[in-house]
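> Here it is: the structure, laid out below.
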2 protein chains.
Amino acid sequence: MMESKPNAIVAQSGGPTAVINSSACGIIQEATKSGKIGRVIGATNGILGVLKEDLFDISAEKPEAIEALKQTPAAAIGSCRYKLKSLEESRVDFERVLDVFKAHDIRYFFYAGGNDSMDTADKVNKLAADAGYELVCMGIPKTVDNDLAFTDHCPGYPSVAKYVAACAAEAGKDTEALYTTDTCTILEVMGRNAGWIAAATGLAARCPEDAPHLVYMPEAAFSFEKLVSDVKEVLNALGRVFIVAGEGLKDDKGEYVTADKGAFGKDSFGHAQLGGVAEMLKAVIEKEVGIKARFNKLGTNQRSAMHFASLTDVNEAYMCGQMAVKGAIDGVNGKMVTLVREDGPEYKCTTSLAELKDVANGEKKVPAEFINDRGNHITDAMRDYVRPLVQGEAPITIDEDGLPVFMRFERKPLEKKLPDYL
Amino acid sequence: MMESKPNAIVAQSGGPTAVINSSACGIIQEATKSGKIGRVIGATNGILGVLKEDLFDISAEKPEAIEALKQTPAAAIGSCRYKLKSLEESRVDFERVLDVFKAHDIRYFFYAGGNDSMDTADKVNKLAADAGYELVCMGIPKTVDNDLAFTDHCPGYPSVAKYVAACAAEAGKDTEALYTTDTCTILEVMGRNAGWIAAATGLAARCPEDAPHLVYMPEAAFSFEKLVSDVKEVLNALGRVFIVAGEGLKDDKGEYVTADKGAFGKDSFGHAQLGGVAEMLKAVIEKEVGIKARFNKLGTNQRSAMHFASLTDVNEAYMCGQMAVKGAIDGVNGKMVTLVREDGPEYKCTTSLAELKDVANGEKKVPAEFINDRGNHITDAMRDYVRPLVQGEAPITIDEDGLPVFMRFERKPLEKKLPDYL
């Protein structure tokens, strides 16, 4: 009987990416193929959906919809930034998660997200073990920030890297064309603590004329004096300057460089809420250098740019989902799938596993050898790192409106078995 | 003898687009093929290049470079925003233009740009006629703003339309995924006085769930009361809201809606310099509705997005350049090539001609029947207008870095024959 097989929950957490749905696709298709799992259940908006018992039957969705996940950006199951704290502080939440799992005979929990999600998965896992409830928790890496430890890179990063590098090349051509009035352009990209996204744009600079001319990452101490001096030097050489700035630039004391630190709130995970770096650079350059500057802020468009996503990324994200299921069925538990870059002249990526708790506490920044000595561009080592990741263009389906087609789940809800919560 | 044939200048003006180089390609290839034109000469940075006698020999460029113009965004010859005023006010400039033309035996002037450029071309033409200097001036329409009169649409617009609509669809998916924290997203797009670019994003909304939920164009009177009421209504229905705002929103008195009108300067053409619409909307929504809002500002990335440009646009832009040369050789003078949408169930675009001076003084806004009664979205008439324009994806060449390849001219300079100017 189908019903005798244990069920699996798939959930997505944190900031969406172009390929987190590819990982979901890998999980769903592998789980279905395995014959070991009953129903694949979606938790609407990550752990929030579990807490609220807001679940839907992914196994009832059309196979075409599942396949179309590979071409759909963001998080089709739904994401959230709800963070469970320590077992002590959030014990009620953790117990509720376990109650929901028990009520729906969930024995597999596949959670795609960043450090915080791995932490949640790890704690749920420990609580289940303590309670003697058989549960397998597997993490799937996901973050455009590329800052997870123990993995060569994170699914989601290669796509944003490819897109922002192309954007830098394109807007750089715009600045090159119109430098007589719009002499300086600043492209602000994401990256709270790690400059991986900013660094990727450096790939577009194949010669000194090419944008970006200056790339500022949080890992290199930033100052306005340095900015002004860098800008003047590029202006002298080229008559124009194209700058990429990570949103989380820091000074030599490690403090965020913002116009008004106090004015920025915090997000639900307690991280400082950043913004305004490009506006600030624009103001300083216009005042101190005396040229017109403009800025582009791609915002969420950079992490959702399915129309120019990396095929390598789509495939690897799928593989991460697939390997999480294979591992779970083979008896692995409490691990996150990692990507491993094999040695050798050709890029080859395989997977391995890391402890959820280790990932939860790790953070990987752009290493010093990827940043030039002056802290204003990348090195060839960074180019060599990122180049294989951005290979290939993910296929998209274009409809009669000339636009990409994205899927949306039908979301047949699972009947609630527990009292309301939250 | 080659030297006995008259020469042609090709120049580009104003804000770059994804396809202004396709028009240049059409001009150059048709001029070369015609056998009637000696050298095709590029004026570096539009009319500035003519004034400075900063010219280069396009006929000496490699044919592959000319062909690659079709895949290169912005303005490869170089653009500017230098505006010549009336013949009386700028007589010295106009006479200099004619002197440069005479010095290099320029008998054809092909100028791609918007209203201001058509005005310049028209005046140069009149001055030449008065001076008894045989000259043919032809305009090629170019503007992402799509606000030129006498043409069904402007080359450059279809590509930005396709790109921003895809961006709205994608970032809309991001908001849909993460609405539990990032409940509202504002996408700011270009369009100083005309809302054509904002309107194009409406194509992405195929059903009420789809982004954008609200589209604000300068043609519909905007107020913060209306915004707050619109946002609350969408929130009630969907729990999230995705807004597209043209940069030049105006109130019911036709005044720009800006946080601080006095703080914005003017650009070199005397237009009000806009900015900050998205920031303003974000602030009002956060304060008055009490939800978190974020904004994306695509800036120059929207007009240079070659990686998702419209193939229809590339082809039509090329055709405009080609027809300008054909017309010029056939004895047409003082006209801009226009695009004509033929009647019939299938989209078919041909070209016609309009007087340069008429184009210079015209402006085409989004008509009332393309905007819904509530002034916060588009109608099916707008969808029908824009749909055929965004068909097809322009081919791009991807290199070993996984990025689009763009060309750059070698720029063999023409020897200066006149004293310095400017």
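To be explicit about the labels: the chains of the structure tokens are called A, B, and onward in the order shown, and within each one the residues are counted from 1, while ligands get numbers from 1 in the order they are shown.
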Given a cut-off of 7 Å, which residues of chain B touch chain A, counting only C-alpha atoms, written out as an NGL selection string?
:B and (16 or 73-76 or 78-81 or 166-167 or 170-171 or 173-174 or 177-178 or 180-181 or 295-301 or 304-305 or 387 or 390-392 or 401-404)
> Save out the residues we just selected, C-alpha atoms, as an mmCIF file, in the first residue's frame.

data_model
loop_
_atom_site.group_PDB
_atom_site.id
_atom_site.type_symbol
_atom_site.label_atom_id
_atom_site.label_comp_id
_atom_site.auth_asym_id
_atom_site.auth_seq_id
_atom_site.Cartn_x
_atom_site.Cartn_y
_atom_site.Cartn_z
ATOM 1 C CA PRO B 16 22.073 54.285 -25.852
ATOM 2 C CA PRO B 73 24.510 47.218 -27.066
ATOM 3 C CA ALA B 74 24.918 50.951 -26.365
ATOM 4 C CA ALA B 75 26.520 53.141 -29.047
ATOM 5 C CA ALA B 76 29.733 51.789 -30.511
ATOM 6 C CA GLY B 78 29.970 56.982 -29.323
ATOM 7 C CA SER B 79 27.060 59.136 -28.211
ATOM 8 C CA CYS B 80 26.537 62.495 -26.536
ATOM 9 C CA ARG B 81 23.865 64.782 -25.160
ATOM 10 C CA ALA B 166 10.814 39.558 -18.103
ATOM 11 C CA CYS B 167 12.396 41.309 -15.104
ATOM 12 C CA GLU B 170 11.083 37.197 -12.471
ATOM 13 C CA ALA B 171 11.286 39.613 -9.555
ATOM 14 C CA LYS B 173 8.236 35.414 -8.555
ATOM 15 C CA ASP B 174 10.789 36.456 -5.935
ATOM 16 C CA ALA B 177 8.167 33.382 -2.796
ATOM 17 C CA LEU B 178 9.265 35.622 0.063
ATOM 18 C CA THR B 180 6.160 36.734 4.366
ATOM 19 C CA THR B 181 8.991 39.214 4.912
ATOM 20 C CA PHE B 295 13.106 48.443 -4.709
ATOM 21 C CA ASN B 296 15.016 47.498 -7.827
ATOM 22 C CA LYS B 297 16.331 50.200 -10.129
ATOM 23 C CA LEU B 298 17.536 48.709 -13.380
ATOM 24 C CA GLY B 299 18.988 52.003 -14.560
ATOM 25 C CA THR B 300 21.144 51.769 -17.656
ATOM 26 C CA ASN B 301 20.975 47.983 -17.495
ATOM 27 C CA SER B 304 21.682 47.926 -22.672
ATOM 28 C CA ALA B 305 20.286 44.421 -22.044
ATOM 29 C CA ARG B 387 3.238 41.886 -27.944
ATOM 30 C CA VAL B 390 8.951 41.686 -28.198
ATOM 31 C CA GLN B 391 8.921 38.562 -30.338
ATOM 32 C CA GLY B 392 12.121 36.614 -30.779
ATOM 33 C CA ASP B 401 33.917 33.153 -20.084
ATOM 34 C CA GLY B 402 30.222 32.327 -20.499
ATOM 35 C CA LEU B 403 29.495 35.980 -21.282
ATOM 36 C CA PRO B 404 28.221 37.832 -24.351
#
> Neighbours of A:Cys154 within 9 Å (only C-alpha atoms; same-chain residues fewer than 3 positions away dropped), as a list in words?
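Counting only the stated atoms, we get Pro141, Lys142, Thr143, Val144, Asp145, Asn146, Asp147, Leu148, Thr151, Tyr157, Pro158, Asp313, Ala317, Thr338 and Leu339 of chain A.
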> Enumerate as an MDAnalysis selection string all residues of stretch 8-214 of chain A assigned to strand (DSSP E or B) by DSSP on the backbone, naming them with the chain letters and numbers the document uses.
chainID A and resid 8:12 17 40:43 55:57 74 106:113 136:141 184:189 214
> Restricting the output to N, CA and C atoms, write the selected residues as a short mmCIF file (atom, residue, chain, number, x, y, z; two decimals), in the first residue's frame.

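Contents of the output file selection26.cif:
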data_model
loop_
_atom_site.label_atom_id
_atom_site.label_comp_id
_atom_site.auth_asym_id
_atom_site.auth_seq_id
_atom_site.Cartn_x
_atom_site.Cartn_y
_atom_site.Cartn_z
N ALA A 8 7.73 12.53 2.74
CA ALA A 8 8.86 13.47 2.77
C ALA A 8 8.35 14.90 2.64
N ILE A 9 8.95 15.79 3.40
CA ILE A 9 8.68 17.22 3.22
C ILE A 9 9.84 17.87 2.49
N VAL A 10 9.49 18.71 1.54
CA VAL A 10 10.47 19.55 0.84
C VAL A 10 10.16 20.98 1.22
N ALA A 11 11.16 21.72 1.63
CA ALA A 11 10.94 23.12 2.00
C ALA A 11 12.10 23.98 1.52
N GLN A 12 11.77 25.25 1.30
CA GLN A 12 12.76 26.21 0.80
C GLN A 12 12.83 27.38 1.77
N THR A 17 16.62 32.08 -5.31
CA THR A 17 17.66 32.08 -6.35
C THR A 17 17.02 31.61 -7.65
N VAL A 40 5.34 13.16 -1.51
CA VAL A 40 6.24 14.30 -1.37
C VAL A 40 5.35 15.51 -1.07
N ILE A 41 5.64 16.13 0.06
CA ILE A 41 4.79 17.20 0.57
C ILE A 41 5.56 18.51 0.58
N GLY A 42 4.90 19.55 0.12
CA GLY A 42 5.52 20.87 0.15
C GLY A 42 5.11 21.62 1.40
N ALA A 43 6.07 22.26 2.06
CA ALA A 43 5.75 23.12 3.21
C ALA A 43 5.74 24.55 2.70
N LEU A 55 0.52 22.71 4.43
CA LEU A 55 1.23 21.73 3.60
C LEU A 55 0.41 21.43 2.35
N PHE A 56 1.10 21.10 1.27
CA PHE A 56 0.36 20.70 0.07
C PHE A 56 1.01 19.50 -0.59
N ASP A 57 0.22 18.83 -1.38
CA ASP A 57 0.62 17.53 -1.93
C ASP A 57 1.34 17.71 -3.26
N ALA A 74 13.10 31.87 -8.27
CA ALA A 74 12.57 32.15 -6.92
C ALA A 74 12.31 30.84 -6.17
N ILE A 106 5.84 12.11 8.44
CA ILE A 106 7.01 12.63 7.71
C ILE A 106 8.26 11.99 8.31
N ARG A 107 9.00 11.30 7.47
CA ARG A 107 10.24 10.67 7.94
C ARG A 107 11.46 11.24 7.23
N TYR A 108 11.20 12.09 6.23
CA TYR A 108 12.30 12.74 5.52
C TYR A 108 12.03 14.24 5.46
N PHE A 109 13.03 15.01 5.80
CA PHE A 109 12.91 16.46 5.74
C PHE A 109 14.07 16.99 4.88
N PHE A 110 13.69 17.50 3.71
CA PHE A 110 14.69 18.06 2.79
C PHE A 110 14.57 19.57 2.81
N TYR A 111 15.62 20.24 3.27
CA TYR A 111 15.54 21.68 3.48
C TYR A 111 16.63 22.38 2.68
N ALA A 112 16.21 23.21 1.74
CA ALA A 112 17.15 23.97 0.91
C ALA A 112 17.27 25.38 1.48
N GLY A 113 18.48 25.77 1.80
CA GLY A 113 18.66 27.11 2.35
C GLY A 113 20.10 27.41 2.67
N VAL A 136 14.94 11.59 9.00
CA VAL A 136 16.16 11.90 8.26
C VAL A 136 16.08 13.35 7.79
N CYS A 137 17.05 14.16 8.22
CA CYS A 137 17.08 15.56 7.80
C CYS A 137 18.27 15.80 6.88
N MET A 138 17.99 16.28 5.71
CA MET A 138 19.07 16.55 4.75
C MET A 138 19.00 18.00 4.27
N GLY A 139 20.15 18.62 4.21
CA GLY A 139 20.23 20.00 3.74
C GLY A 139 20.69 20.08 2.30
N ILE A 140 20.13 21.05 1.58
CA ILE A 140 20.55 21.32 0.20
C ILE A 140 21.03 22.76 0.17
N PRO A 141 22.28 22.96 -0.25
CA PRO A 141 22.83 24.32 -0.19
C PRO A 141 22.13 25.25 -1.17
N CYS A 184 30.31 58.40 -14.92
CA CYS A 184 30.51 57.35 -13.92
C CYS A 184 29.22 56.57 -13.69
N THR A 185 29.32 55.27 -13.71
CA THR A 185 28.17 54.43 -13.36
C THR A 185 28.56 53.50 -12.23
N ILE A 186 27.66 53.37 -11.28
CA ILE A 186 27.88 52.47 -10.15
C ILE A 186 26.82 51.38 -10.21
N LEU A 187 27.27 50.14 -10.20
CA LEU A 187 26.35 49.01 -10.18
C LEU A 187 26.40 48.41 -8.78
N GLU A 188 25.28 48.47 -8.08
CA GLU A 188 25.24 47.90 -6.73
C GLU A 188 24.73 46.47 -6.81
N VAL A 189 25.46 45.56 -6.22
CA VAL A 189 25.03 44.16 -6.22
C VAL A 189 24.91 43.63 -4.80
N LEU A 214 36.50 49.19 -11.45
CA LEU A 214 36.72 49.08 -10.01
C LEU A 214 35.67 48.13 -9.42
#
> Could you name the residues that touch B:Ala381 at 12 Å or less, counting only C-alpha atoms, but leaving out those on the same chain fewer than 3 positions away, as an MDAnalysis selection string?
chainID B and resid 199:200 202:203 366:372 377:378 384:387
> When you draw a straight line from atom CA of B:Leu98 to atom CA of B:Ala128, how long is it in Å?
6.8 Å
> Go through stretch 75-258 of chain A and collect every residue that DSSP, computed from the backbone, puts in helix (DSSP H, G or I); the answer should be as a PyMOL selection string.
chain A and resi 91-103+115-130+157-177+196-204+224-238
> Would you kindly return, as a list of chain:residue names, each protein, DNA or RNA residue with an atom no farther than 8 Å from any atom of A:Arg192, considering only C-alpha atoms and excluding same-chain residues fewer than 5 positions away?
A:Asp145, A:Pro218, A:Gly246, A:Glu247, A:Gly248, A:Leu274
> For atom CA of B:Ala24 and atom CA of B:Lys70, quote the distance in Å rounded to one decimal.
8.7 Å
> Show me, as a VMD selection string, the residues that have an atom within 10 Å of B:Asp420 when counting only C-alpha atoms, minus same-chain residues fewer than 5 positions from it.
chain B and resid 51 to 53
> Which polymer residues have any atom within 12 Å of an atom of stretch 282-285 of chain B, counting only C-alpha atoms, with same-chain residues fewer than 3 positions away left out, as a VMD selection string?
chain B and resid 182 to 188 223 to 232 235 241 to 245 258 to 259 276 to 279 288 to 296
> Using only C-alpha atoms, which protein or nucleic acid residues come within 10 Å of B:Leu87? Drop anything in the same chain fewer than 6 positions from it, and give the result as a list in words.
Asp93, Phe94, Glu95, Thr120, Lys123, Val124, Lys126 and Leu127 of chain B
> May I have the selected residues written with N, CA and C atoms, as a PDB file, in the first residue's frame?

ATOM      1  N   ASP B  93      28.308  76.927 -34.057  1.00  0.00           N
ATOM      2  CA  ASP B  93      28.356  75.464 -34.054  1.00  0.00           C
ATOM      3  C   ASP B  93      27.895  74.905 -35.400  1.00  0.00           C
ATOM      4  N   PHE B  94      26.761  75.393 -35.882  1.00  0.00           N
ATOM      5  CA  PHE B  94      26.226  74.859 -37.138  1.00  0.00           C
ATOM      6  C   PHE B  94      27.186  75.103 -38.307  1.00  0.00           C
ATOM      7  N   GLU B  95      27.805  76.263 -38.298  1.00  0.00           N
ATOM      8  CA  GLU B  95      28.746  76.554 -39.390  1.00  0.00           C
ATOM      9  C   GLU B  95      29.986  75.678 -39.299  1.00  0.00           C
ATOM     10  N   THR B 120      18.658  68.761 -34.767  1.00  0.00           N
ATOM     11  CA  THR B 120      20.013  69.106 -35.209  1.00  0.00           C
ATOM     12  C   THR B 120      20.208  68.776 -36.688  1.00  0.00           C
ATOM     13  N   LYS B 123      18.438  71.228 -38.928  1.00  0.00           N
ATOM     14  CA  LYS B 123      19.048  72.564 -39.019  1.00  0.00           C
ATOM     15  C   LYS B 123      20.338  72.550 -39.834  1.00  0.00           C
ATOM     16  N   VAL B 124      21.119  71.509 -39.669  1.00  0.00           N
ATOM     17  CA  VAL B 124      22.335  71.372 -40.473  1.00  0.00           C
ATOM     18  C   VAL B 124      21.945  71.331 -41.948  1.00  0.00           C
ATOM     19  N   LYS B 126      19.287  72.584 -43.412  1.00  0.00           N
ATOM     20  CA  LYS B 126      18.817  73.894 -43.892  1.00  0.00           C
ATOM     21  C   LYS B 126      19.993  74.832 -44.138  1.00  0.00           C
ATOM     22  N   LEU B 127      20.943  74.785 -43.203  1.00  0.00           N
ATOM     23  CA  LEU B 127      22.116  75.646 -43.344  1.00  0.00           C
ATOM     24  C   LEU B 127      22.892  75.284 -44.616  1.00  0.00           C
TER      25      LEU B 127
END
> Which distance in Å separates atom CA of B:Gly132 and atom CA of B:Arg91, to one decimal?
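For atom CA of B:Gly132 relative to atom CA of B:Arg91, the distance reads 16.4 Å.
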> Using only C-alpha atoms, pick whichever of A:Glu410, A:Gly327, A:Asn376, A:Val337 has the shortest atom-to-atom distance to A:Val234.
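Checking each of A:Glu410, A:Gly327, A:Asn376, A:Val337 against A:Val234, counting only C-alpha atoms, the winner is A:Asn376.
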